[in-house]
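Report on the structure given below.
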Amino acid sequence: MSALKIKKGSSQHSAYNLRPTFSDTVESHTLAVIVDNEPGVLARVIGLFSGRGYNIDSLTVAEVDHQGHQSRITIVTRGTPQVIEQIKAQLGRIVVVHDVHDLTVEGSSVERELALLKVEGTGDKRVEALRLADIFRTNVVDSTLDSFVFEITGTPDKVDAFADLMRPLGLTEIARTGVAALVRGT
Amino acid sequence: MTRQMTGAKMVVQALKDQGVDVVFGYPGGAVLPIYDEVFQQNDIRHILVRHEQGAVHAAEGYARSTGKPGVVLVTSGPGATNAVTGLTDALMDSIPIVVLTGQVPTFMIGTDAFQEADTVGITRPCTKHNWLVNDTEKLSDVMHQAFHVATSGRPGPVLVDIPKDVQFASAEYTPPAKATVSHYQPQVKGDMDTITELVEAIEKAERPIFYTGGGVINSGPAASQLLRELVSATGFPITSTLMGLGAYPASGESWMGMLGMHGLYEANLAMHDCDLMVNIGARFDDRITGRLDAFSPGSKKAHIDIDPSSINKVIKTDIPIIGDIAHVLEDVLKVWKARGRKTNKAAVAKWWEQIEEWKTVKCLAFTQEGKTIKPQYALERLEALTKGHDRYICTEVGQHQMWAAQYMGFEDPNRWMTSGGLGTMGYGFPASIGVQVAHPDALVINVAGEASWLMNMQEMGTAVQFRLPVKQFILNNERLGMVRQWQELLHGERYSHSWSEALPDFVKLAEAFGCKGIMVQDPADLDDAIMEMINYDGPVIFDCLVTKHENCFPMIPSGQPHNKMLLGEDASTKDAIGASGAVLV
């Protein structure tokens, strides 16, 4: 409507902007979601992330209370502060979700991940792999004459670092559990 | 006393215990045991629809017009998939409905059995919650939970999928009083400190506005009453979303009309220029906000909503209050009164002067001239001739829907049934059936476009069979009017597939269905034709031929803020929407 005068206070921006003016710093958050362990519950949580376009970097789930049939889903996700808040609120809406904890803001937490790495090789490489595995305090859970399976537990960074070291030494397979996390203290 | 019964009987018993008096449904192989039980009782009325989508929309109409949950009973496979559109519609508009679907027997699930579909999988994202009941022992408990979830907190659709062997097997019935108490108990009381903060803002506001939505209606009649009290006590202007019409009466002193993309000029400008926006049960939908970075730039925003995920979803809120509208408004009034009923009267009076000035633009003005009926005129006359009646209005989706919202006045909540969030063409006709079932003596009118109406026209059979005197008020422009309007504004007037050719003769169609058809094309005949429709005791298809290329104004073009409205045909509409706005819907 060209005839109408545009009032003072209207936007200075010329480009069309679909997003509101929230902070756009992307943060990584670890969420612990306590749910009723009933069929389809994981699909509900994952479907929420895919349906609304949120990221999942890591996901761990297991029943933690067999009598109460409750599972703990640990999700590592990324987003702007506003998206993280939305994710938590959306998770909270799911009828079978009891609690959503943001371990990243609820004080310091411990995060651990378990990984199994198969490293194949002989000679110096095999010796070096075993030496590094020892430094990283891994367990050797399987051994043949030309391979090891190492079990490592630690933060995702530690697992990454160990995997990077094993790669030139004959890393052929890796299986990771994803992150499990708890808040420190009481 | 333990009561052993079959799963099928349990379903009917649970419905009775939940106070259900009507079920909309369509039978099929996987629900036959339940239909057998429905046959053997008289407490629950069953309305046989002609398509499962119609059943869900009818249940939505029933729910919206009564405040009670609507119930649907359909079979497995196609019965369930046909219900998906209605479920999604109810989810978007927060309508409490309980859908019961049959399923193939448990031992056949996963075998691609006849009429098998992964119903809980398909409907997971379009229900508030759903259940596959694989044990008759759990069935009655789940039924009661389903009603609890559908109606508490932010209402929504739920679905219970019941395999056929579970319907046949027997177990003990759990009455509602003994059902498991769900941990799902949404917070209804708002935080008192935040409510006090809101009251302080109300006391100081110079240019306040109440912006209300469907949440007020969902909260129940008490919420509308409290809203009216708050508005009249403060004297602040009030606007509403499409979904919230009727919560505050259109004849009320502070009413400014609907806001948003096709909202009133004064309402949108007031939203843009206000210094305090109190959002009550609305959700800053993109039809309302327009361009976000220019949305009401100078205002403090309060938001009352029962759903925490609505807060800060798209618009940053300064005063967020999570709770049920009625509970929160009661507390707001209590605190405001206790603090001495203060408002900044001088400033608010000046604000009203500004609003009155905006109103002089008369953004809904139109001229009825010539021998063709303008759609606006048709609705203005419909409004005038039906105003005093015990009236319920449904709509389909498109231009006619916006015109109905603009030109018709709603004095009470639960009188206006429209598909807001999902925008489902084909919603209105079955919804009007649901409304009429709930209110047999009321005047129920579905304002429709001919294209939307054809999407669920099979329900004419339902209306005739159950003697439901629904009035189908079709504004027939032989076009998909809103699509055509956007093509005119956005796509160089290339009207790609937006006209309806080979339309039926609606009068003959009515005769074929065994109801009354009325066709009108001369403005001079319109009043008589509308009176004939109202006075006819039975369903009517009213074919009102209207101008073919009428555009719906005012309009906030996509990608534009509230203060850049298009007002009417005289305005330059050619370059109204830029390339960046064109990607939006």
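In the structure tokens, each chain is lettered A, B, ... as it comes, each chain's residues begin at 1, and ligands are numbered from 1 in order of appearance.
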
Leaving out Glu63 (chain A) and any residue of its chain fewer than 3 positions from it, which residues lie within 10 Å of it when counting only C-alpha atoms, given as a PyMOL selection string?
chain A and resi 34-37+66-73

Excluding Val328 (chain B) and residues on its chain fewer than 5 positions from it, collect all residues at most 7 Å away from it, counting only C-alpha atoms, and give them as a list in words.
Lys189, Gly190 and Gly323 of chain B

Test item: chain B residues at most 9 Å from chain A, counting only C-alpha atoms, as number ranges by chain:
B: 120-121, 124-125, 128-129, 131-132, 149, 183-184, 272-273, 291-298, 307-316, 559-561, 563-568, 571-573, 576, 580-581

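For Arg167 (chain A), the residues within 12 Å (counting only C-alpha atoms, excluding itself and residues fewer than 6 positions away along the chain) are A:Leu117, A:Lys118, A:Val119, A:Glu120, A:Gly121, A:Lys125, A:Glu128, A:Ala129, A:Asp160, A:Ala161, A:Glu173, A:Ile174.
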
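The nearest approach to Gln401 (chain B) among the residues B:Thr547, B:Leu422, B:Cys552, B:Ala349, with only C-alpha atoms taken into account, belongs to B:Cys552.
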
Please list as an MDAnalysis selection string every residue within 12 Å of Ala32 (chain A), counting only C-alpha atoms and excluding residues in the same chain fewer than 2 positions away.
chainID A and resid 29:30 34:35 45 58:62 71:77 88 91:92 97:106 109 111 179:183

Can you list every residue in region 12-153 of chain A that DSSP puts in strand (DSSP E), as a ChimeraX atom specification?
/A:27-36,58-65,70-79,97-102,109-120,139-144,147-153

Env of Ile238 (chain B): 9 Å cut, atoms = only C-alpha atoms, seq-sep filter 3 positions within chain, self excluded. Answer as a CSV table (one decimal) with N, CA and C atoms, in the first residue's frame.
```csv
chain,number,residue,atom,x,y,z
B,208,PRO,N,-1.3,-0.1,25.2
B,208,PRO,CA,-1.4,-1.5,25.4
B,208,PRO,C,-2.3,-2.2,24.3
B,209,ILE,N,-2.2,-3.5,24.2
B,209,ILE,CA,-3.1,-4.2,23.3
B,209,ILE,C,-3.2,-5.7,23.9
B,210,PHE,N,-4.4,-6.2,23.9
B,210,PHE,CA,-4.6,-7.6,24.2
B,210,PHE,C,-4.6,-8.3,22.9
B,211,TYR,N,-3.9,-9.4,22.7
B,211,TYR,CA,-3.8,-10.2,21.5
B,211,TYR,C,-4.2,-11.6,21.9
B,212,THR,N,-5.4,-12.0,21.6
B,212,THR,CA,-5.9,-13.3,22.2
B,212,THR,C,-6.0,-14.3,21.1
B,231,VAL,N,-10.8,-6.9,30.0
B,231,VAL,CA,-10.8,-5.9,29.0
B,231,VAL,C,-11.7,-4.7,29.4
B,248,TYR,N,-13.9,-12.7,23.0
B,248,TYR,CA,-14.4,-11.3,23.3
B,248,TYR,C,-15.5,-11.0,22.3
B,254,SER,N,-14.3,-2.5,23.1
B,254,SER,CA,-12.8,-2.5,22.9
B,254,SER,C,-12.4,-3.4,21.7
B,255,TRP,N,-13.4,-4.0,21.0
B,255,TRP,CA,-13.0,-4.9,20.0
B,255,TRP,C,-12.5,-4.2,18.7
B,256,MET,N,-11.3,-4.7,18.2
B,256,MET,CA,-10.7,-4.1,17.1
B,256,MET,C,-10.8,-5.0,15.9
B,257,GLY,N,-11.3,-6.2,16.0
B,257,GLY,CA,-11.4,-7.1,14.8
B,257,GLY,C,-10.2,-8.0,14.8
B,267,ALA,N,-6.1,-3.1,13.7
B,267,ALA,CA,-5.6,-4.1,14.6
B,267,ALA,C,-4.1,-4.3,14.4
```

Computed interatomic separation between CA of Asn42 (chain B) and CA of Val20 (chain B) (Å)
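These atoms are spaced 12.0 Å apart.
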
All helix (DSSP H, G or I) residues (DSSP, backbone) inside region 5-108 of chain A, as JSON, numbers by chain
{"A": [41, 42, 43, 44, 45, 46, 47, 48, 49, 50, 51, 81, 82, 83, 84, 85, 86, 87, 88, 89, 90, 91, 92, 93]}

Store the residues of this selection in a file with C-alpha atoms, as a PDB file, in the first residue's frame.
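So the final result, stored in selection13.pdb, reads:
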```
ATOM      1  CA  VAL A  41       9.218 -44.050  23.024  1.00  0.00           C
ATOM      2  CA  LEU A  42      12.569 -43.723  21.267  1.00  0.00           C
ATOM      3  CA  ALA A  43      10.758 -43.110  17.972  1.00  0.00           C
ATOM      4  CA  ARG A  44       8.842 -40.268  19.623  1.00  0.00           C
ATOM      5  CA  VAL A  45      12.040 -38.598  20.769  1.00  0.00           C
ATOM      6  CA  ILE A  46      13.938 -39.138  17.534  1.00  0.00           C
ATOM      7  CA  GLY A  47      10.884 -38.182  15.467  1.00  0.00           C
ATOM      8  CA  LEU A  48      10.735 -34.887  17.328  1.00  0.00           C
ATOM      9  CA  PHE A  49      14.346 -34.134  16.367  1.00  0.00           C
ATOM     10  CA  SER A  50      13.941 -35.096  12.717  1.00  0.00           C
ATOM     11  CA  GLY A  51      10.491 -33.566  12.352  1.00  0.00           C
ATOM     12  CA  PRO A  81      20.341 -21.015  22.865  1.00  0.00           C
ATOM     13  CA  GLN A  82      16.798 -20.435  21.606  1.00  0.00           C
ATOM     14  CA  VAL A  83      16.767 -23.740  19.700  1.00  0.00           C
ATOM     15  CA  ILE A  84      18.125 -25.582  22.748  1.00  0.00           C
ATOM     16  CA  GLU A  85      15.326 -24.091  24.860  1.00  0.00           C
ATOM     17  CA  GLN A  86      12.792 -25.161  22.222  1.00  0.00           C
ATOM     18  CA  ILE A  87      14.212 -28.688  22.142  1.00  0.00           C
ATOM     19  CA  LYS A  88      13.825 -28.974  25.895  1.00  0.00           C
ATOM     20  CA  ALA A  89      10.303 -27.560  25.850  1.00  0.00           C
ATOM     21  CA  GLN A  90       9.290 -29.821  22.968  1.00  0.00           C
ATOM     22  CA  LEU A  91      10.742 -32.864  24.745  1.00  0.00           C
ATOM     23  CA  GLY A  92       8.816 -31.860  27.837  1.00  0.00           C
ATOM     24  CA  ARG A  93       5.553 -31.939  25.867  1.00  0.00           C
TER      25      ARG A  93
END
```

What's the separation between CA of Val483 (chain B) and CA of Asn268 (chain B), in Å to one decimal place?
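Those two atoms sit 23.2 Å apart.
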
So that I can see what lies close to region 463-480 of chain B, please list as a PyMOL selection string the residues with an atom at most 7 Å from it, counting only C-alpha atoms and leaving out residues fewer than 6 positions away in the same chain.
chain B and resi 375+400+432-433+436+444-451+498-500+514-515+537-548

I'd like the interatomic distance between CA of Thr418 (chain B) and CA of Thr360 (chain B), to a tenth of an Å.
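Calculated distance between CA of Thr418 (chain B) and CA of Thr360 (chain B) is 29.0 Å.
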